[in-house]
Amino acid sequence: MQEFQQTLAAPVELEGVGVFSGRKVRVVLEPAKAGEGVVFVLEEVSGAPRLPLRPEYVLGTEGATVLSDGYHTLYLIEHLLSALHGLRVDNVVIRVFGPEIPLFDGSAQVFVREILTRGLRLQPLPKRYLEILKPFEVQNGVGSLRFRPAPDFRLRVRIAFDHPLIGEQSFSLTINPLTYQREVAFARTFGFKEDLLRRREKGLLRGGDFSNGLILDETKVLNGPLRRPDEFVRHKALDLVGDLFTVGLPFRGEVEAEFSGHRLHIEALKSLLSAPGIARLSDGLPPVALFFLAPKKRPLRPGY
Ligand SMILES: [Zn+2]
């Protein structure tokens, strides 16, 4: 069945505190033309540069997925991208008035709720995908990502933390807008109290508090209750849905992630795109077309 592209039916405006900067940040999502894709506009930078969502502008760090043109940096794009990918939004202009996307409650729920309140609009262009053609695997220390062909978007995620409340958890799901909303969007990010205190002392976290995600001490959640007993692994799934969308196209295939994080997700995608014959755009373009999506090396300069 032919599927068509979608954009927002009306603009969505959001405001929240940035956990890295401690500042209030406004984000405006606007409908975009068919074929335009996802475009970020850094409104506080002179000239308001437009950064289309493409792998060459994306970096995976341990704590966040980051958009950067080598001069300006936008942190924490992954939960917003997860909501857009989960709800099947193809085209949107994202105007950001600050250096990061607000974390809200650490899940994708605020984005999903606000987008669905305004509604989505179908557009007269066939939807395009990043389609997996052949199995492909990327390893990084203990973590791994395995891609396989599939007719839809399937994921399996496994995590392991040496913590009595987490231990080993696994989760698998075929992602569509309904399953995404019901099973994934609510899952909050989590952090360990000791790490958070250390990062706060170094000045890396200026705005985070108990409302921005789950915080654990050695034995329990300090700001529970959990929304599901396996909320932790579901959040990993949420992150993976967001990181896979950094290609700028929805994903079609199966992905299996073990003990992975943003850095591995982004590295794996970049290797996948530069390996010929592994993936293609599913509107009939030959695999060679992926080279224009493949990352170029750019130096990372300090953020703004
Ligand atoms: Zn996350």
# chains A, B, ... in the order shown; residues from 1 in each chain; ligands from 1
call {"tool": "closest_atom_pairs", "arguments": {"of": "range 99-138 of chain A", "to": "range 79-87 of chain A", "cutoff": "10 Å", "atoms": "only C-alpha atoms", "output": "tab-separated table"}}
result
residue	atom	partner	partner_atom	distance
A:Ile101	CA	A:Leu80	CA	7.8
A:Pro102	CA	A:Leu80	CA	9.2
A:Leu103	CA	A:His79	CA	7.9
A:Phe104	CA	A:His79	CA	9.9
A:Gly106	CA	A:His79	CA	8.0
A:Ser107	CA	A:His79	CA	6.7
A:Ala108	CA	A:His79	CA	5.4
A:Gln109	CA	A:Ala83	CA	7.9
A:Val110	CA	A:Ala83	CA	9.1
A:Phe111	CA	A:Ala83	CA	6.2
A:Val112	CA	A:Ala83	CA	5.7
A:Arg113	CA	A:Ala83	CA	9.5
A:Ile115	CA	A:Leu84	CA	8.6
A:Leu116	CA	A:Leu87	CA	8.7
A:Leu120	CA	A:Leu87	CA	9.1
call {"tool": "select_by_dssp", "arguments": {"residues": "range 23-218 of chain A", "states": "helix (DSSP H, G or I)", "output": "VMD selection string"}}
result
chain A and resid 55 to 57 78 to 86 109 to 118 177 to 184 193 to 201 210 to 212
call {"tool": "closest_atom_pairs", "arguments": {"of": "chain A", "to": "ligand 1", "cutoff": "8 Å", "atoms": "only C-alpha atoms and all ligand atoms", "output": "JSON lines"}}
result
{"residue": "A:Ala64", "atom": "CA", "partner": "ligand 1", "partner_atom_place_in_ligand_line": "1 (Zn)", "distance": 7.2}
{"residue": "A:Glu78", "atom": "CA", "partner": "ligand 1", "partner_atom_place_in_ligand_line": "1 (Zn)", "distance": 6.6}
{"residue": "A:His79", "atom": "CA", "partner": "ligand 1", "partner_atom_place_in_ligand_line": "1 (Zn)", "distance": 6.1}
{"residue": "A:Gly106", "atom": "CA", "partner": "ligand 1", "partner_atom_place_in_ligand_line": "1 (Zn)", "distance": 6.9}
{"residue": "A:Ser107", "atom": "CA", "partner": "ligand 1", "partner_atom_place_in_ligand_line": "1 (Zn)", "distance": 7.2}
{"residue": "A:Arg188", "atom": "CA", "partner": "ligand 1", "partner_atom_place_in_ligand_line": "1 (Zn)", "distance": 7.3}
{"residue": "A:Thr189", "atom": "CA", "partner": "ligand 1", "partner_atom_place_in_ligand_line": "1 (Zn)", "distance": 5.0}
{"residue": "A:Phe190", "atom": "CA", "partner": "ligand 1", "partner_atom_place_in_ligand_line": "1 (Zn)", "distance": 8.0}
{"residue": "A:His235", "atom": "CA", "partner": "ligand 1", "partner_atom_place_in_ligand_line": "1 (Zn)", "distance": 6.2}
{"residue": "A:Lys236", "atom": "CA", "partner": "ligand 1", "partner_atom_place_in_ligand_line": "1 (Zn)", "distance": 6.6}
{"residue": "A:Leu238", "atom": "CA", "partner": "ligand 1", "partner_atom_place_in_ligand_line": "1 (Zn)", "distance": 6.8}
{"residue": "A:Asp239", "atom": "CA", "partner": "ligand 1", "partner_atom_place_in_ligand_line": "1 (Zn)", "distance": 4.8}
call {"tool": "atom_distance", "arguments": {"atom1": "CA of Thr61 in chain A", "atom2": "CA of Val184 in chain A"}}
result
22.0 Å
call {"tool": "atom_distance", "arguments": {"atom1": "CA of Arg234 in chain A", "atom2": "CA of Leu222 in chain A"}}
result
19.0 Å
call {"tool": "residues_around", "arguments": {"residues": "range 130-132 of chain A", "least_positions_apart": "3", "cutoff": "12 Å", "atoms": "only C-alpha atoms", "output": "ChimeraX atom specification"}}
result
/A:127,135-137,146-154,244-255,269,272-273,275-287,289-290,293
call {"tool": "select_by_dssp", "arguments": {"residues": "range 55-296 of chain A", "states": "strand (DSSP E)", "output": "ChimeraX atom specification"}}
result
/A:58-60,65-68,73-74,92-97,120-126,130-132,136-140,143-148,153-161,167-174,190-192,214-216,251-258,279-281
call {"tool": "closest_residue", "arguments": {"among": "A:Val96, A:Ala237, A:Leu125, A:Leu173", "to": "Glu36 in chain A", "atoms": "only C-alpha atoms"}}
result
A:Leu125
